[in-house]
Amino acid sequence: MSAKATMKKFASIGRVLDGLRSGSTPAPKTETEIVETLTSEDFTVSKVVRHGFPFEPTAMAFDPVQNILVIGSKNGSLRIFGQPGVDCHVRHDEDIPVLQLIFLANEGALVSVCADDSLHLWNLRQKRPAILHSLKFNRERITFSHLPFQSKWLYIGTERGNIHIVNIECFVLSGYVINWNKAIELSRKTHPGPVVHLSDNPLDPNKLLIGFESGAIVLWDLRSKAAEYRYNCPAPVRSISWSHEGKQFLCSQTDGSLTLWNMKHPNKPANVMYPHAKPPIMKGARSDPCAPITRVEWKSCKGSEPYIVFSGGLTYDKAAKQPSLTIMQGKNTTVLEMEHPIIDFICLCETPWPNDIQDPYAIIVLLENDMVVVDLASQGFPCFENPYPMDLHESPVTCVQYYADCPPDIVPAFYSVGSSSQQKKRQGYSKKEWPVKGGEWGSGGNSYPEIIITGHADGSVKFWDASAVSLQVLYKLKTAKVFEKKSKSLDGEEDPYAIQLIQMCLDSRILSVAGASGHVIIYRFSKQEIQIDQLPSIEISIVYDAEEIETPDCEMPPTPIGRNSSTTSSTSSMPLSGVTSSQHMSSSSGEGMKDNVPNLKVRTSSLKFPAGYHPELICQFVWVDGEPPPTVTSVEANSSYGVIAIGTANGLAIVDYIQRTCLLSMGTPDLYGSADPYQRTPRSPKRNKPQGLGDIVEQGTTEPERCRSPPGNSNSEQQNGVCLSPTGNNSKKDKRPNDAQLKRSKSQGTRKLKKGESTASEGGNGEDRGEGSFTRSRSSSMSSLERESKEAINCLAFAESYTTKTDLTTVPCLWVGTSLGSVLVIMITLPSSEEQRSNEPLIVSPTGTVLRLKGAILCMSFLDFSGNFIPAQTDNWKDVNTSKDTTKDKIKREPPARPKMSPSSSTEIVDRQFVVICSEKQAKVISLPSQTCAYRVKVTETSYAIKSEVVSIPSKLTGRESYCLACYVANGHIMTFSVPGLRPLLDTEYLPLTDLRIARTFCFTNHGQALYLCTASEMQRITLCTETSENLQEMLGDLFLPVDTPEAPSKGFFKGLFGGGSGTLDREDLFGESSGKASKSVAKHIPGTGGLEGVKAASGGVAGELSRARIALNERGEKLSELDERTAQMMANAENFSQAAHQIMQKYKDKKWYQF
């Protein structure tokens, strides 16, 4: 495809009219042409890196030469860690638990044993490890595997008690098999159980120690193919560890005991001890039973007693309360209590040779939800500080926000305020270097700063530096600090402080956080420590009267129309304090009835906030008529206007956080006014006609007072909790209904977010869905009035835009998208100067403009008529707490440049702006101010979009950033469309929606980056950009580096006397071709994909074609070499056949035919 052909020109005139235009509104005209530079070659979906702690870990291994660590998980994932910054994630083809991991030390290879009885050989010499060979056992279940150091023969123990041997170079079974009945012979009358341990003698590799679950232990002589010694433990065995001298071994057992055996004395153990058993009270009585010791390691030290390290073994009363790791050295016993159950542990030693003095220096302990590394070389066994972001799920992650291309000063700012608290945490940690130090950083990386913000169930917010492929915590904010410590949520919410939504203005650093108890907190960033005597807060209620509306012969149901009001007094007026926290006008009335009280109580005492974020304003929705506050479904703050918009499951609130005043709070149906598309004739003719927004008039309020915020330092009352449009029809005077007549719709706002539920889905259609249900109808045509009362505010966007079809200039406004596919526009009138901002009131006026799409609105973005993205107006950050002198210097706000119309424009309107609106089903580009549909596209028919955003992505044609619409659909597809033309650019299947966690956390950001919470403890970063995908190889670190293996320990003069035989073993002679061929029915060999994963990641672009070509070329070369080998083999076979035929001919050439 030529560059000329790809640069398709789109006429800016709207091609499709969205509805009938008014006769007085002329058709828009323009002469501008837009050139779209993005093509399908600019898009490739690739996984970048996974952050966090491996979810549900099951196994662990460590390469003592390369110094890299691998952790296997229940879902078949492998996380490989090197030095801080080296982190690689791969997974098996199927979601199968990993049972055991074994490194081929210093070979750049890894063997994984899975629960489906398969073995996999991974190649770690490439940046994206891949499977080279697989072996699937058919008849027997694998229970334990062992690979001797620097050996290519892998011992496989099975559930039947047999031992098979595999050549790991070609993954072929050897004909050498140790059968269980021959191993135990007549020493036991019953089956010994599965194999739970295999290891060779450190000094004599000819001796293989086999441990069975029942307690039977066999020392097998590999050469003679017979058992040399048999041992019987008093209790079932869980693990065994040799001493480095090879003369003794130590067994851990299920009764909490450790049994020491001398290799040449099988009749009786040398010692049996119960490390944690309490001595019996009476002589002869049995001691308290102990928990099993799941694993034991016996490590020798130079010049001191050896270490015995084991997990478990406590008495049952303690074991149930606290998992523990015990370190014994001589007479000293140290018990390290862990916060989570222990999965596995590994002792890190100075030498990889098992027959040398180990000198352990650290212990890696893998827990169920954490990883702890203990420093054995320091007094008191302190822990190392974990440099990996494994505390991501310290409190469950409930919300994620991702920002790419941040201002360059924002990461250092967060680091500076967070470093002091990090220094305090570092006290008590080991001062030695982190022991996992293998691998090497990648040479590439992004040139722009990236920040990830995570919200947690305990109300904490963490800021992470994600500028490279690594993740580093910068700063932690605790939002629960502003509430009373003993304050409990009135609705019984388990996590009342859980973060549901996060929004940050990168320029001004204004942070908005929405919590599960119906609260929103606005934070301002400061590098100074401040003292707040009284936290500023306001309370908001959303109430409206739901009319009974008849819907004859119509699929479009009506929207309940009613008045929004507060219920704080008989006149339904809500006092809002300008500076101090709001006072409750009424509280719970009657038994169990709660009214006009928030879920949480704000602290009234003086609070000291360190450098970082401090609260600017706390907004709380209150109980109304016994119903809890609605769920907050969307939040958008604008630092230039000083306004925050809060969308809930049943309405909208607009708050001036500078004057600390609520400007508007009304139910969603009231936002439509007379332009309500659902409005119908009342069922009873006696009922008054439902009044729209323009028909509502507050008694005793003059026109100028009605639509403005009260002065900042005055305690004024706000009628109806809403500022009305001055353009509405206010000629009618109507009496306000009594409080008894006010009825609040039973909206989905009464549902509180529980763990595992999605706030996005709650705000979508209002249906109660189970966690496993992902099918839902989002049609704009519904048939239930109850559903209609649950219209949530899904999306909010501030902009300098046109509010009506006849506007000649842009004005500040708020665009509101609902869960029923409506888009409403609210105009904001600001004071003319910065000096008047803190005193003059703001005016918010619903304009009556309503746009319609099919499905819930997901995003709204604005473009100029050249196709360039128009960002929202923002202020640059300034520290208002530095000094009083600087705060006095006011900076005049320059009004944004607004297009002026020529005098001749009075008769014709020229469109000068696009708004891109995407819903769950479709996307539209609307020309403004004419409000005509210029372009539209159907996103999906059978599914629905989960997340959509207009984001930037680099174009290969121009080398500059261009914008596109990115969508993630529930069927697993990721789609992109050009803007404003909505030309499909990418449609690829990535990840079907199988977990609500993904729907709740999936987010797009600039440069084609995306992020989602893939498990409860891990985040996955992906890219849609071909350029980034091509650079991934440089960005990722190297796992394997050329390192010399340490020399083997020198052989002593008396080694032959104490080693139990020869110290060398020719395993090739024992297990190779001379051992015979293994049965084909035992296991099946499966060739691996090798390095083909790079092709899959780069499919769809030029890089993919090149990768496929290179792989095909390599495969062709391999096939040619195989063909040469086969040809040579055929020639040899032919020659042998010729010789045999010649011999037969010579034998029978002199015989007659009757002699045969």
# chains A, B, ... in the order shown; residues from 1 in each chain; ligands from 1
call {"tool": "residues_around", "arguments": {"residues": "A:Lys225", "least_positions_apart": "2", "cutoff": "12 Å", "atoms": "only C-alpha atoms", "output": "number ranges by chain"}}
result
A: 176-179, 182-183, 206-208, 219-223, 227-228, 1070-1071, 1075
call {"tool": "write_last_selection", "arguments": {"atoms": "C-alpha atoms", "output": "compact mmCIF listing (two decimals), in the first residue's frame"}}
result
# COMPACT_ATOMS: atom_id res chain seq x y z
CA TYR A 176 16.56 -47.47 32.56
CA VAL A 177 13.63 -47.77 34.98
CA ILE A 178 13.61 -48.34 38.77
CA ASN A 179 10.43 -50.19 39.69
CA LYS A 182 12.37 -54.07 43.08
CA ALA A 183 13.36 -51.08 45.19
CA ASN A 206 26.18 -43.72 41.68
CA LYS A 207 23.99 -43.76 44.80
CA LEU A 208 20.42 -42.47 44.38
CA LEU A 219 19.56 -46.07 48.64
CA TRP A 220 19.77 -47.39 45.09
CA ASP A 221 22.98 -48.40 43.38
CA LEU A 222 22.63 -47.31 39.77
CA ARG A 223 25.38 -49.53 38.36
CA ALA A 227 19.07 -51.46 46.52
CA GLU A 228 22.10 -51.06 48.73
CA LEU A 1070 24.02 -46.38 32.08
CA PHE A 1071 21.06 -44.45 30.71
CA SER A 1075 19.89 -49.24 28.45
call {"tool": "closest_atom_pairs", "arguments": {"of": "stretch 303-400 of chain A", "to": "stretch 462-484 of chain A", "cutoff": "12 Å", "atoms": "only C-alpha atoms", "output": "CSV"}}
result
residue,atom,partner,partner_atom,distance
A:Asn386,CA,A:Gln472,CA,11.1
A:Pro387,CA,A:Gln472,CA,8.2
A:Tyr388,CA,A:Leu471,CA,7.6
A:Pro389,CA,A:Leu471,CA,6.3
A:Met390,CA,A:Leu471,CA,9.9
A:Asp391,CA,A:Val473,CA,9.6
A:Leu392,CA,A:Lys462,CA,8.7
A:His393,CA,A:Lys462,CA,10.7
A:Glu394,CA,A:Lys462,CA,10.7
A:Ser395,CA,A:Lys462,CA,10.6
A:Pro396,CA,A:Lys462,CA,11.9
A:Val397,CA,A:Lys462,CA,10.0
A:Thr398,CA,A:Lys462,CA,11.7
A:Cys399,CA,A:Lys462,CA,10.6
A:Val400,CA,A:Lys462,CA,9.7
call {"tool": "atom_distance", "arguments": {"atom1": "atom CA of A:Ser199", "atom2": "atom CA of A:Pro148"}}
result
7.5 Å
call {"tool": "residues_around", "arguments": {"residues": "A:Val632", "least_positions_apart": "6", "cutoff": "9 Å", "atoms": "only C-alpha atoms", "output": "NGL selection string"}}
result
:A and (500-501 or 514-520 or 646-649 or 749 or 759 or 763 or 793)
call {"tool": "write_last_selection", "arguments": {"atoms": "N, CA, C and O atoms", "output": "PDB file, in the first residue's frame"}}
result
ATOM      1  N   GLN A 500     -12.761   3.747  44.494  1.00  0.00           N
ATOM      2  CA  GLN A 500     -13.476   3.294  43.307  1.00  0.00           C
ATOM      3  C   GLN A 500     -13.030   4.014  42.045  1.00  0.00           C
ATOM      4  O   GLN A 500     -12.983   3.415  40.978  1.00  0.00           O
ATOM      5  N   LEU A 501     -12.716   5.291  42.155  1.00  0.00           N
ATOM      6  CA  LEU A 501     -12.328   6.072  40.985  1.00  0.00           C
ATOM      7  C   LEU A 501     -11.183   7.012  41.353  1.00  0.00           C
ATOM      8  O   LEU A 501     -11.122   7.522  42.472  1.00  0.00           O
ATOM      9  N   ALA A 514     -12.638   8.978  44.544  1.00  0.00           N
ATOM     10  CA  ALA A 514     -13.993   8.580  44.949  1.00  0.00           C
ATOM     11  C   ALA A 514     -13.918   7.279  45.725  1.00  0.00           C
ATOM     12  O   ALA A 514     -13.224   6.335  45.320  1.00  0.00           O
ATOM     13  N   GLY A 515     -14.635   7.223  46.855  1.00  0.00           N
ATOM     14  CA  GLY A 515     -14.621   6.054  47.723  1.00  0.00           C
ATOM     15  C   GLY A 515     -15.932   5.294  47.699  1.00  0.00           C
ATOM     16  O   GLY A 515     -16.942   5.736  47.138  1.00  0.00           O
ATOM     17  N   ALA A 516     -15.938   4.141  48.346  1.00  0.00           N
ATOM     18  CA  ALA A 516     -17.087   3.244  48.326  1.00  0.00           C
ATOM     19  C   ALA A 516     -18.235   3.716  49.190  1.00  0.00           C
ATOM     20  O   ALA A 516     -19.339   3.200  49.071  1.00  0.00           O
ATOM     21  N   SER A 517     -18.005   4.671  50.065  1.00  0.00           N
ATOM     22  CA  SER A 517     -19.065   5.134  50.966  1.00  0.00           C
ATOM     23  C   SER A 517     -19.753   6.394  50.443  1.00  0.00           C
ATOM     24  O   SER A 517     -20.339   7.142  51.210  1.00  0.00           O
ATOM     25  N   GLY A 518     -19.680   6.607  49.135  1.00  0.00           N
ATOM     26  CA  GLY A 518     -20.333   7.773  48.565  1.00  0.00           C
ATOM     27  C   GLY A 518     -19.593   9.060  48.862  1.00  0.00           C
ATOM     28  O   GLY A 518     -20.229  10.103  49.014  1.00  0.00           O
ATOM     29  N   HIS A 519     -18.292   9.024  48.934  1.00  0.00           N
ATOM     30  CA  HIS A 519     -17.520  10.220  49.215  1.00  0.00           C
ATOM     31  C   HIS A 519     -16.491  10.469  48.118  1.00  0.00           C
ATOM     32  O   HIS A 519     -15.977   9.530  47.506  1.00  0.00           O
ATOM     33  N   VAL A 520     -16.212  11.736  47.888  1.00  0.00           N
ATOM     34  CA  VAL A 520     -15.204  12.168  46.923  1.00  0.00           C
ATOM     35  C   VAL A 520     -14.314  13.197  47.618  1.00  0.00           C
ATOM     36  O   VAL A 520     -14.809  14.135  48.248  1.00  0.00           O
ATOM     37  N   ILE A 646     -19.297  15.313  39.705  1.00  0.00           N
ATOM     38  CA  ILE A 646     -19.387  13.974  40.298  1.00  0.00           C
ATOM     39  C   ILE A 646     -20.647  13.311  39.761  1.00  0.00           C
ATOM     40  O   ILE A 646     -21.763  13.774  40.014  1.00  0.00           O
ATOM     41  N   GLY A 647     -20.471  12.253  39.011  1.00  0.00           N
ATOM     42  CA  GLY A 647     -21.601  11.480  38.515  1.00  0.00           C
ATOM     43  C   GLY A 647     -21.869  10.299  39.415  1.00  0.00           C
ATOM     44  O   GLY A 647     -20.943   9.635  39.893  1.00  0.00           O
ATOM     45  N   THR A 648     -23.135  10.040  39.679  1.00  0.00           N
ATOM     46  CA  THR A 648     -23.521   8.920  40.538  1.00  0.00           C
ATOM     47  C   THR A 648     -24.448   7.984  39.767  1.00  0.00           C
ATOM     48  O   THR A 648     -24.751   8.204  38.592  1.00  0.00           O
ATOM     49  N   ALA A 649     -24.905   6.970  40.457  1.00  0.00           N
ATOM     50  CA  ALA A 649     -25.783   5.995  39.841  1.00  0.00           C
ATOM     51  C   ALA A 649     -27.177   6.546  39.597  1.00  0.00           C
ATOM     52  O   ALA A 649     -27.979   5.887  38.935  1.00  0.00           O
ATOM     53  N   GLY A 749     -27.809   3.119  42.842  1.00  0.00           N
ATOM     54  CA  GLY A 749     -26.873   3.742  43.770  1.00  0.00           C
ATOM     55  C   GLY A 749     -26.943   3.143  45.147  1.00  0.00           C
ATOM     56  O   GLY A 749     -26.046   3.294  45.953  1.00  0.00           O
ATOM     57  N   THR A 759     -17.385  -1.309  39.349  1.00  0.00           N
ATOM     58  CA  THR A 759     -18.122  -0.055  39.390  1.00  0.00           C
ATOM     59  C   THR A 759     -18.562   0.341  37.999  1.00  0.00           C
ATOM     60  O   THR A 759     -19.618   0.920  37.814  1.00  0.00           O
ATOM     61  N   GLY A 763     -22.610   1.046  37.022  1.00  0.00           N
ATOM     62  CA  GLY A 763     -23.121   2.271  36.464  1.00  0.00           C
ATOM     63  C   GLY A 763     -23.654   2.094  35.067  1.00  0.00           C
ATOM     64  O   GLY A 763     -24.186   3.015  34.478  1.00  0.00           O
ATOM     65  N   ILE A 793     -24.763   8.381  35.601  1.00  0.00           N
ATOM     66  CA  ILE A 793     -23.841   9.262  34.884  1.00  0.00           C
ATOM     67  C   ILE A 793     -22.545   8.485  34.685  1.00  0.00           C
ATOM     68  O   ILE A 793     -21.801   8.242  35.628  1.00  0.00           O
TER      69      ILE A 793
END
call {"tool": "closest_residue", "arguments": {"among": "A:Glu305, A:Asp255, A:Glu1018, A:Glu297", "to": "A:Ser241", "atoms": "only C-alpha atoms"}}
result
A:Glu297
call {"tool": "residues_around", "arguments": {"residues": "A:Leu671", "least_positions_apart": "2", "cutoff": "8 Å", "atoms": "only C-alpha atoms", "output": "ChimeraX atom specification"}}
result
/A:666-669,673,693,824,846
call {"tool": "residues_around", "arguments": {"residues": "A:Pro97", "least_positions_apart": "4", "cutoff": "8 Å", "atoms": "only C-alpha atoms", "output": "PyMOL selection string"}}
result
chain A and resi 58+72-76+114-115
call {"tool": "write_last_selection", "arguments": {"atoms": "N, CA, C and O atoms", "output": "mmCIF file, in the first residue's frame"}}
result
data_model
loop_
_atom_site.group_PDB
_atom_site.id
_atom_site.type_symbol
_atom_site.label_atom_id
_atom_site.label_comp_id
_atom_site.auth_asym_id
_atom_site.auth_seq_id
_atom_site.Cartn_x
_atom_site.Cartn_y
_atom_site.Cartn_z
ATOM 1 N N THR A 58 3.030 -21.629 43.395
ATOM 2 C CA THR A 58 3.051 -23.059 43.735
ATOM 3 C C THR A 58 4.459 -23.631 43.804
ATOM 4 O O THR A 58 4.657 -24.676 44.434
ATOM 5 N N GLY A 72 6.652 -20.249 39.903
ATOM 6 C CA GLY A 72 5.547 -20.806 39.136
ATOM 7 C C GLY A 72 4.235 -20.635 39.867
ATOM 8 O O GLY A 72 4.192 -20.579 41.098
ATOM 9 N N SER A 73 3.149 -20.554 39.102
ATOM 10 C CA SER A 73 1.837 -20.251 39.672
ATOM 11 C C SER A 73 0.821 -21.323 39.326
ATOM 12 O O SER A 73 1.057 -22.190 38.482
ATOM 13 N N LYS A 74 -0.314 -21.201 39.970
ATOM 14 C CA LYS A 74 -1.401 -22.150 39.779
ATOM 15 C C LYS A 74 -2.013 -22.060 38.393
ATOM 16 O O LYS A 74 -2.565 -23.020 37.878
ATOM 17 N N ASN A 75 -1.911 -20.879 37.778
ATOM 18 C CA ASN A 75 -2.497 -20.703 36.446
ATOM 19 C C ASN A 75 -1.504 -20.984 35.317
ATOM 20 O O ASN A 75 -1.771 -20.663 34.160
ATOM 21 N N GLY A 76 -0.363 -21.560 35.639
ATOM 22 C CA GLY A 76 0.608 -21.928 34.619
ATOM 23 C C GLY A 76 1.591 -20.839 34.252
ATOM 24 O O GLY A 76 2.362 -20.998 33.300
ATOM 25 N N CYS A 114 4.428 -29.828 35.444
ATOM 26 C CA CYS A 114 3.058 -29.340 35.619
ATOM 27 C C CYS A 114 2.135 -30.438 36.121
ATOM 28 O O CYS A 114 2.463 -31.626 36.085
ATOM 29 N N ALA A 115 0.965 -30.015 36.563
ATOM 30 C CA ALA A 115 0.017 -30.934 37.184
ATOM 31 C C ALA A 115 -0.617 -31.885 36.190
ATOM 32 O O ALA A 115 -1.256 -32.862 36.598
#
call {"tool": "residues_around", "arguments": {"residues": "A:Asp987", "least_positions_apart": "4", "cutoff": "8 Å", "atoms": "only C-alpha atoms", "output": "PyMOL selection string"}}
result
chain A and resi 973-976
call {"tool": "atom_distance", "arguments": {"atom1": "atom CA of A:Ile357", "atom2": "atom CA of A:Gly215"}}
result
28.3 Å
call {"tool": "closest_residue", "arguments": {"among": "A:Asn271, A:Gly972, A:Cys349, A:Gly380", "to": "A:Val335", "atoms": "only C-alpha atoms"}}
result
A:Gly380
call {"tool": "atom_distance", "arguments": {"atom1": "atom CA of A:Cys859", "atom2": "atom CA of A:Lys47"}}
result
24.3 Å
call {"tool": "select_by_dssp", "arguments": {"residues": "stretch 216-282 of chain A", "states": "strand (DSSP E or B)", "output": "JSON, numbers by chain"}}
result
{"A": [216, 217, 218, 219, 220, 221, 226, 227, 228, 229, 230, 231, 232, 237, 238, 239, 240, 241, 242, 248, 249, 250, 251, 252, 253, 258, 259, 260, 261, 262, 271, 272, 273]}
call {"tool": "residues_around", "arguments": {"residues": "A:Phe144", "least_positions_apart": "4", "cutoff": "7 Å", "atoms": "only C-alpha atoms", "output": "ChimeraX atom specification"}}
result
/A:156-158,195-197
